[in-house]
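Undergrad: Take a look at final39.cif, mmCIF, C-alpha atoms:
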```cif
data_final
loop_
_atom_site.label_atom_id
_atom_site.label_comp_id
_atom_site.auth_asym_id
_atom_site.auth_seq_id
_atom_site.Cartn_x
_atom_site.Cartn_y
_atom_site.Cartn_z
CA MET A 1 17.80 2.09 -32.28
CA ILE A 2 18.14 -0.94 -30.01
CA SER A 3 19.10 1.29 -27.11
CA MET A 4 15.89 3.30 -27.57
CA ILE A 5 13.97 0.06 -27.12
CA ILE A 6 15.95 -1.34 -24.20
CA ILE A 7 16.30 1.88 -22.16
CA PRO A 8 12.53 2.27 -21.47
CA ILE A 9 12.31 -1.36 -20.37
CA VAL A 10 15.21 -0.99 -17.93
CA LEU A 11 13.82 2.34 -16.75
CA ALA A 12 10.39 0.79 -16.18
CA TYR A 13 11.91 -2.00 -14.10
CA LEU A 14 13.94 0.46 -12.02
CA ILE A 15 10.91 2.69 -11.41
CA GLY A 16 8.90 -0.38 -10.43
CA SER A 17 11.71 -1.40 -8.09
CA ILE A 18 11.36 1.69 -5.91
CA PRO A 19 10.20 0.03 -2.65
CA ASN A 20 8.00 2.78 -1.25
CA ALA A 21 6.53 0.64 1.52
CA VAL A 22 9.95 -0.59 2.65
CA TRP A 23 11.72 2.76 2.51
CA ILE A 24 8.95 4.76 4.18
CA GLY A 25 8.67 2.16 6.92
CA LYS A 26 12.41 2.08 7.59
CA VAL A 27 13.17 5.80 7.22
CA PHE A 28 10.22 7.27 9.12
CA TYR A 29 9.25 4.46 11.49
CA GLY A 30 12.35 2.30 11.84
CA ARG A 31 10.33 -0.77 10.85
CA ASP A 32 10.35 -3.16 7.91
CA VAL A 33 6.74 -3.94 7.00
CA ARG A 34 7.91 -7.17 5.36
CA ASN A 35 8.51 -8.55 8.85
CA GLU A 36 5.12 -7.57 10.29
CA GLY A 37 1.43 -8.00 9.58
CA SER A 38 0.90 -9.89 6.33
CA LYS A 39 4.61 -9.38 5.58
CA ASN A 40 3.69 -7.84 2.24
CA ALA A 41 5.44 -4.69 1.01
CA GLY A 42 2.24 -3.01 -0.10
CA ALA A 43 -0.12 -0.22 0.90
CA THR A 44 -2.63 -2.48 2.68
CA ASN A 45 -0.01 -3.92 5.00
CA VAL A 46 1.48 -0.47 5.59
CA ILE A 47 -1.95 0.70 6.77
CA ARG A 48 -2.21 -2.32 9.06
CA VAL A 49 1.27 -1.93 10.51
CA LEU A 50 2.02 1.80 10.37
CA GLY A 51 -1.31 3.54 9.95
CA LEU A 52 -3.60 5.15 7.38
CA LYS A 53 -1.49 8.19 6.42
CA PRO A 54 1.69 6.32 5.38
CA GLY A 55 -0.49 3.68 3.74
CA ILE A 56 -2.20 6.24 1.51
CA ILE A 57 1.17 7.75 0.59
CA VAL A 58 2.50 4.32 -0.38
CA LEU A 59 -0.68 3.59 -2.34
CA VAL A 60 -0.36 6.77 -4.41
CA LEU A 61 3.37 6.32 -5.01
CA ASP A 62 2.95 2.66 -6.03
CA LEU A 63 0.12 3.61 -8.36
CA LEU A 64 2.30 6.27 -9.97
CA LYS A 65 4.95 3.61 -10.62
CA GLY A 66 2.50 2.04 -13.05
CA VAL A 67 1.60 5.34 -14.69
CA VAL A 68 4.99 7.03 -15.20
CA PRO A 69 6.81 4.46 -17.40
CA LEU A 70 3.84 4.23 -19.79
CA ALA A 71 3.43 8.01 -19.83
CA LEU A 72 7.09 8.36 -20.82
CA LEU A 73 6.94 5.67 -23.52
CA PRO A 74 5.90 7.97 -26.43
CA PHE A 75 9.16 9.87 -25.95
CA PHE A 76 11.05 6.69 -26.87
CA PHE A 77 8.68 4.83 -29.19
CA GLU A 78 6.37 6.22 -31.89
CA LYS A 79 2.72 5.87 -30.94
CA ASN A 80 1.66 5.10 -34.52
CA ASN A 81 4.08 2.16 -34.70
CA ASP A 82 2.39 -1.19 -35.42
CA TYR A 83 3.99 -2.69 -32.32
CA PHE A 84 3.18 0.15 -29.92
CA TYR A 85 0.55 -1.81 -27.96
CA VAL A 86 2.89 -4.78 -27.64
CA TYR A 87 5.64 -2.51 -26.37
CA GLN A 88 3.22 -0.93 -23.89
CA ILE A 89 2.59 -4.38 -22.44
CA ILE A 90 6.33 -5.12 -22.21
CA ILE A 91 6.83 -1.86 -20.31
CA ALA A 92 3.89 -2.63 -18.01
CA VAL A 93 5.23 -6.12 -17.27
CA ALA A 94 8.72 -4.76 -16.56
CA THR A 95 7.24 -2.25 -14.11
CA VAL A 96 5.21 -4.85 -12.23
CA ILE A 97 8.17 -7.26 -12.12
CA GLY A 98 10.19 -4.43 -10.61
CA HIS A 99 7.56 -3.98 -7.89
CA VAL A 100 7.34 -7.69 -7.08
CA PHE A 101 11.09 -8.29 -7.35
CA PRO A 102 12.70 -4.91 -6.56
CA ILE A 103 16.44 -4.67 -7.06
CA PHE A 104 16.56 -1.93 -4.40
CA ALA A 105 15.02 -4.13 -1.70
CA GLY A 106 16.64 -7.53 -2.01
CA PHE A 107 14.07 -8.67 -4.60
CA ARG A 108 11.41 -8.90 -1.85
CA GLY A 109 8.57 -6.68 -2.96
CA GLY A 110 4.79 -6.49 -2.88
CA LYS A 111 2.07 -8.19 -4.90
CA GLY A 112 1.91 -5.45 -7.49
CA VAL A 113 -1.79 -4.61 -7.23
CA ALA A 114 -1.41 -0.84 -6.75
CA THR A 115 1.16 -0.66 -9.55
CA LEU A 116 -1.21 -2.68 -11.74
CA VAL A 117 -3.89 -0.08 -11.04
CA GLY A 118 -1.61 2.56 -12.51
CA VAL A 119 -1.08 0.32 -15.53
CA LEU A 120 -4.84 -0.16 -15.93
CA ILE A 121 -5.43 3.58 -15.92
CA MET A 122 -3.01 3.95 -18.83
CA LEU A 123 -3.86 0.85 -20.87
CA PHE A 124 -7.59 0.35 -20.24
CA PRO A 125 -9.14 3.80 -19.77
CA GLN A 126 -12.47 2.64 -21.26
CA VAL A 127 -13.09 0.00 -18.61
CA PHE A 128 -11.01 1.26 -15.69
CA LEU A 129 -13.88 2.99 -13.88
CA ILE A 130 -16.01 -0.16 -14.11
CA VAL A 131 -13.16 -2.31 -12.79
CA ALA A 132 -12.63 0.20 -9.98
CA GLY A 133 -16.34 0.02 -9.18
CA ILE A 134 -16.15 -3.76 -8.95
CA PHE A 135 -13.15 -3.48 -6.62
CA PHE A 136 -14.77 -0.98 -4.26
CA GLY A 137 -18.14 -2.71 -4.37
CA THR A 138 -16.59 -6.06 -3.42
CA PHE A 139 -14.40 -4.41 -0.79
CA PHE A 140 -17.19 -2.53 0.97
CA LEU A 141 -19.40 -5.63 1.00
CA SER A 142 -16.71 -8.04 2.22
CA ARG A 143 -13.95 -5.86 3.75
CA TYR A 144 -11.44 -8.18 2.07
CA VAL A 145 -8.88 -6.25 -0.01
CA SER A 146 -7.54 -9.50 -1.46
CA LEU A 147 -10.98 -10.68 -2.62
CA ALA A 148 -11.75 -7.26 -4.13
CA SER A 149 -8.42 -7.26 -5.99
CA MET A 150 -9.04 -10.70 -7.46
CA CYS A 151 -12.62 -9.94 -8.49
CA ALA A 152 -11.51 -6.73 -10.21
CA ALA A 153 -8.66 -8.51 -12.01
CA ILE A 154 -10.87 -11.36 -13.23
CA SER A 155 -13.48 -8.89 -14.51
CA LEU A 156 -10.90 -7.00 -16.59
CA PRO A 157 -10.66 -9.31 -19.65
CA LEU A 158 -14.45 -9.76 -19.69
CA LEU A 159 -14.97 -6.02 -19.76
CA GLN A 160 -12.15 -5.48 -22.25
CA PHE A 161 -13.76 -8.08 -24.50
CA ALA A 162 -16.98 -6.07 -24.36
CA PHE A 163 -15.03 -3.05 -25.62
CA PHE A 164 -12.91 -5.23 -27.90
CA GLN A 165 -11.13 -3.67 -30.87
CA PHE A 166 -9.34 -5.96 -33.32
CA ASP A 167 -6.31 -3.70 -33.54
CA LYS A 168 -5.83 -4.04 -29.79
CA LEU A 169 -5.65 -7.82 -29.45
CA PRO A 170 -2.40 -7.59 -27.39
CA LEU A 171 -4.27 -5.60 -24.72
CA LEU A 172 -6.97 -8.27 -24.45
CA ILE A 173 -4.31 -10.96 -24.07
CA PHE A 174 -2.60 -8.85 -21.41
CA ALA A 175 -5.92 -8.42 -19.59
CA ILE A 176 -6.28 -12.21 -19.49
CA LEU A 177 -2.75 -12.54 -18.10
CA ILE A 178 -3.61 -10.04 -15.35
CA ALA A 179 -6.71 -12.07 -14.49
CA VAL A 180 -4.40 -15.06 -13.99
CA PHE A 181 -1.48 -13.21 -12.37
CA VAL A 182 -3.38 -11.49 -9.55
CA PRO A 183 -5.00 -14.67 -8.13
CA LEU A 184 -1.64 -16.46 -8.37
CA THR A 185 -0.02 -13.77 -6.21
CA HIS A 186 -2.86 -14.20 -3.71
CA ILE A 187 -2.65 -17.97 -3.19
CA LYS A 188 -2.05 -17.55 0.55
CA ASN A 189 -4.99 -15.16 0.77
CA ILE A 190 -7.22 -17.63 -1.06
CA LYS A 191 -6.29 -20.37 1.41
CA ARG A 192 -7.02 -18.04 4.34
CA LEU A 193 -10.35 -17.03 2.78
CA ILE A 194 -11.33 -20.69 2.46
CA ARG A 195 -10.37 -21.33 6.09
CA GLY A 196 -12.12 -18.15 7.23
CA GLU A 197 -8.82 -16.75 8.53
CA GLU A 198 -8.27 -13.87 6.10
CA PRO A 199 -8.13 -10.59 8.08
CA LYS A 200 -10.76 -8.05 7.14
CA PHE A 201 -9.64 -4.49 6.54
CA VAL A 202 -10.57 -2.14 9.37
CA PHE A 203 -10.18 1.61 9.40
CA LYS A 204 -8.09 2.19 12.46
CA LYS A 205 -4.60 3.48 13.10
CA HIS A 206 -2.91 0.16 13.82
CA SER A 207 -3.89 -3.46 13.42
CA THR A 208 -2.17 -6.76 12.72
CA ASP A 209 -3.07 -10.00 10.97
#
```
Here is a file; write its structure as structure tokens.
TA:
Amino acid sequence: MISMIIIPIVLAYLIGSIPNAVWIGKVFYGRDVRNEGSKNAGATNVIRVLGLKPGIIVLVLDLLKGVVPLALLPFFFEKNNDYFYVYQIIIAVATVIGHVFPIFAGFRGGKGVATLVGVLIMLFPQVFLIVAGIFFGTFFLSRYVSLASMCAAISLPLLQFAFFQFDKLPLLIFAILIAVFVPLTHIKNIKRLIRGEEPKFVFKKHSTD
């Protein structure tokens, strides 16, 4: 019984630890994106350093890292269990931790935004499209991916509260934690935004910070 609880958590961390940005950069381009651009192992920096095509591939793969562990969870844990929502959150956290601190890449990962998107699709389907709209609206107005990510994250608990169900209190608490976590992982971006030094996203093959 204990193993059926622990195995999905370990599996979620290992899936989250797959460093798509690092591996694609090294295998196909001979470059480590963690040493260039914003030095972040995420899709945005891959687009800046390597180009749009590998960046989109990394984005999709990182997003799937958030989807797959939660999609597999019902095979290990009964969905009608009283603690199912709590366990979903534990799996989601393990996945994101794997992305930020990947065992397969020296514990130097990305900020976890794309993987969080996958988590949001699975845990907050009612409000996901609205959150996505806030992200894209902020992005197209400002061209700052970091600002769009933070605005979307902060809006999540407010929107979840609007759709609040008393049997899903753990999800609301998790939404609040996301609203805190994403800005904390963007402290450097916040400082650059304040100084007017944050690079805007531009749609071209190569660019650097």
Undergrad: When the PyMOL selection byres ((chain A and resi 149) around 10) is applied to the structure above, which residues does it catch, written out as an NGL selection string?
TA: :A and (113-114 or 117 or 131-132 or 134-136 or 138-139 or 144-148 or 150-154 or 179 or 182-183 or 186)
Undergrad: So which residues touch Val86 (chain A) within 8 Å, counting only C-alpha atoms, skipping near sequence neighbours fewer than 3 positions away, as an mmCIF file with C-alpha atoms, keeping the file's coordinate frame?
TA:
```cif
data_model
loop_
_atom_site.group_PDB
_atom_site.id
_atom_site.type_symbol
_atom_site.label_atom_id
_atom_site.label_comp_id
_atom_site.auth_asym_id
_atom_site.auth_seq_id
_atom_site.Cartn_x
_atom_site.Cartn_y
_atom_site.Cartn_z
ATOM 1 C CA TYR A 83 3.990 -2.690 -32.320
ATOM 2 C CA ILE A 89 2.590 -4.380 -22.440
ATOM 3 C CA ILE A 90 6.330 -5.120 -22.210
ATOM 4 C CA PRO A 170 -2.400 -7.590 -27.390
ATOM 5 C CA LEU A 171 -4.270 -5.600 -24.720
#
```
Undergrad: Do you know which residues the PyMOL selection byres ((chain A and resi 48) around 12) returns on this file, as a PyMOL selection string?
TA: chain A and resi 21+25+33-34+36-47+49-56+145+199-209
Undergrad: What does the structure give for the distance between CA of Ile9 (chain A) and CA of Ile178 (chain A), in Å to one decimal?
TA: 18.8 Å
Undergrad: Suppose you want the space between CA of Pro157 (chain A) and CA of Leu172 (chain A); what is it in Å?
TA: 6.1 Å
Undergrad: Separation of CA of Phe163 (chain A) and CA of Ala175 (chain A), in Å?
TA: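 Between CA of Phe163 (chain A) and CA of Ala175 (chain A) the gap works out to 12.2 Å.
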Undergrad: Could you check the closest approach to Asp62 (chain A) for each of A:Gln126, A:Ser17, A:Gln160, A:Asn35 and tell me which residue wins, using all atoms listed in the file?
TA: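 The shortest atom-to-atom distance to Asp62 (chain A) comes from A:Ser17.
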Undergrad: Evaluate the PyMOL selection byres ((chain A and resi 6) around 12) on the structure here and hand back the selected residues as a PDB file with C-alpha atoms, in the frame of the given file.
TA:
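Dumped everything to out26.pdb:
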```pdb
ATOM      1  CA  MET A   1      17.800   2.090 -32.280  1.00  0.00           C
ATOM      2  CA  ILE A   2      18.140  -0.940 -30.010  1.00  0.00           C
ATOM      3  CA  SER A   3      19.100   1.290 -27.110  1.00  0.00           C
ATOM      4  CA  MET A   4      15.890   3.300 -27.570  1.00  0.00           C
ATOM      5  CA  ILE A   5      13.970   0.060 -27.120  1.00  0.00           C
ATOM      6  CA  ILE A   7      16.300   1.880 -22.160  1.00  0.00           C
ATOM      7  CA  PRO A   8      12.530   2.270 -21.470  1.00  0.00           C
ATOM      8  CA  ILE A   9      12.310  -1.360 -20.370  1.00  0.00           C
ATOM      9  CA  VAL A  10      15.210  -0.990 -17.930  1.00  0.00           C
ATOM     10  CA  LEU A  11      13.820   2.340 -16.750  1.00  0.00           C
ATOM     11  CA  ALA A  12      10.390   0.790 -16.180  1.00  0.00           C
ATOM     12  CA  TYR A  13      11.910  -2.000 -14.100  1.00  0.00           C
ATOM     13  CA  LEU A  73       6.940   5.670 -23.520  1.00  0.00           C
ATOM     14  CA  PHE A  76      11.050   6.690 -26.870  1.00  0.00           C
ATOM     15  CA  PHE A  77       8.680   4.830 -29.190  1.00  0.00           C
ATOM     16  CA  TYR A  87       5.640  -2.510 -26.370  1.00  0.00           C
ATOM     17  CA  ILE A  90       6.330  -5.120 -22.210  1.00  0.00           C
ATOM     18  CA  ILE A  91       6.830  -1.860 -20.310  1.00  0.00           C
ATOM     19  CA  ALA A  94       8.720  -4.760 -16.560  1.00  0.00           C
TER      20      ALA A  94
END
```
Undergrad: From the coordinates supplied, region 168-196 of chain A should be written with N, CA and C atoms, as a short mmCIF file (atom, residue, chain, number, x, y, z; two decimals), in the first residue's frame.
TA:
```cif
data_model
loop_
_atom_site.label_atom_id
_atom_site.label_comp_id
_atom_site.auth_asym_id
_atom_site.auth_seq_id
_atom_site.Cartn_x
_atom_site.Cartn_y
_atom_site.Cartn_z
N LYS A 168 -13.12 21.10 -2.51
CA LYS A 168 -11.85 21.23 -3.22
C LYS A 168 -10.98 22.33 -2.60
N LEU A 169 -11.06 22.47 -1.29
CA LEU A 169 -10.26 23.46 -0.58
C LEU A 169 -8.76 23.28 -0.83
N PRO A 170 -8.24 22.03 -0.89
CA PRO A 170 -6.80 21.87 -1.17
C PRO A 170 -6.37 22.51 -2.48
N LEU A 171 -7.24 22.48 -3.50
CA LEU A 171 -6.89 23.08 -4.78
C LEU A 171 -6.79 24.60 -4.68
N LEU A 172 -7.66 25.21 -3.89
CA LEU A 172 -7.60 26.66 -3.69
C LEU A 172 -6.31 27.04 -2.97
N ILE A 173 -5.96 26.26 -1.96
CA ILE A 173 -4.71 26.51 -1.23
C ILE A 173 -3.51 26.37 -2.17
N PHE A 174 -3.56 25.35 -3.03
CA PHE A 174 -2.48 25.14 -3.99
C PHE A 174 -2.39 26.30 -4.98
N ALA A 175 -3.55 26.82 -5.39
CA ALA A 175 -3.58 27.96 -6.31
C ALA A 175 -2.91 29.17 -5.67
N ILE A 176 -3.13 29.36 -4.38
CA ILE A 176 -2.50 30.46 -3.66
C ILE A 176 -0.98 30.26 -3.61
N LEU A 177 -0.56 29.03 -3.38
CA LEU A 177 0.88 28.73 -3.34
C LEU A 177 1.53 29.01 -4.70
N ILE A 178 0.83 28.69 -5.78
CA ILE A 178 1.35 28.97 -7.12
C ILE A 178 1.50 30.47 -7.32
N ALA A 179 0.52 31.23 -6.83
CA ALA A 179 0.56 32.69 -6.96
C ALA A 179 1.75 33.29 -6.21
N VAL A 180 2.22 32.58 -5.20
CA VAL A 180 3.40 33.01 -4.45
C VAL A 180 4.68 32.47 -5.10
N PHE A 181 4.63 31.21 -5.52
CA PHE A 181 5.81 30.52 -6.05
C PHE A 181 6.34 31.17 -7.34
N VAL A 182 5.45 31.47 -8.28
CA VAL A 182 5.90 31.99 -9.58
C VAL A 182 6.62 33.33 -9.43
N PRO A 183 6.09 34.31 -8.71
CA PRO A 183 6.85 35.55 -8.52
C PRO A 183 8.19 35.34 -7.82
N LEU A 184 8.23 34.40 -6.87
CA LEU A 184 9.49 34.14 -6.16
C LEU A 184 10.55 33.60 -7.11
N THR A 185 10.15 32.81 -8.11
CA THR A 185 11.13 32.29 -9.07
C THR A 185 11.48 33.34 -10.13
N HIS A 186 10.82 34.48 -10.07
CA HIS A 186 11.08 35.55 -11.04
C HIS A 186 11.63 36.82 -10.37
N ILE A 187 12.28 36.65 -9.23
CA ILE A 187 12.82 37.82 -8.51
C ILE A 187 13.76 38.63 -9.40
N LYS A 188 14.66 37.93 -10.11
CA LYS A 188 15.60 38.64 -10.98
C LYS A 188 14.87 39.38 -12.09
N ASN A 189 13.82 38.76 -12.61
CA ASN A 189 13.03 39.41 -13.66
C ASN A 189 12.32 40.65 -13.13
N ILE A 190 11.82 40.55 -11.90
CA ILE A 190 11.14 41.69 -11.29
C ILE A 190 12.10 42.86 -11.14
N LYS A 191 13.32 42.57 -10.70
CA LYS A 191 14.32 43.63 -10.54
C LYS A 191 14.65 44.27 -11.89
N ARG A 192 14.76 43.41 -12.95
CA ARG A 192 15.05 43.95 -14.27
C ARG A 192 13.87 44.76 -14.81
N LEU A 193 12.65 44.33 -14.50
CA LEU A 193 11.47 45.09 -14.93
C LEU A 193 11.46 46.47 -14.28
N ILE A 194 11.79 46.51 -13.00
CA ILE A 194 11.82 47.79 -12.28
C ILE A 194 12.88 48.72 -12.86
N ARG A 195 14.02 48.14 -13.23
CA ARG A 195 15.12 48.94 -13.80
C ARG A 195 14.92 49.23 -15.29
N GLY A 196 13.92 48.61 -15.89
CA GLY A 196 13.69 48.77 -17.32
C GLY A 196 14.67 48.00 -18.16
#
```
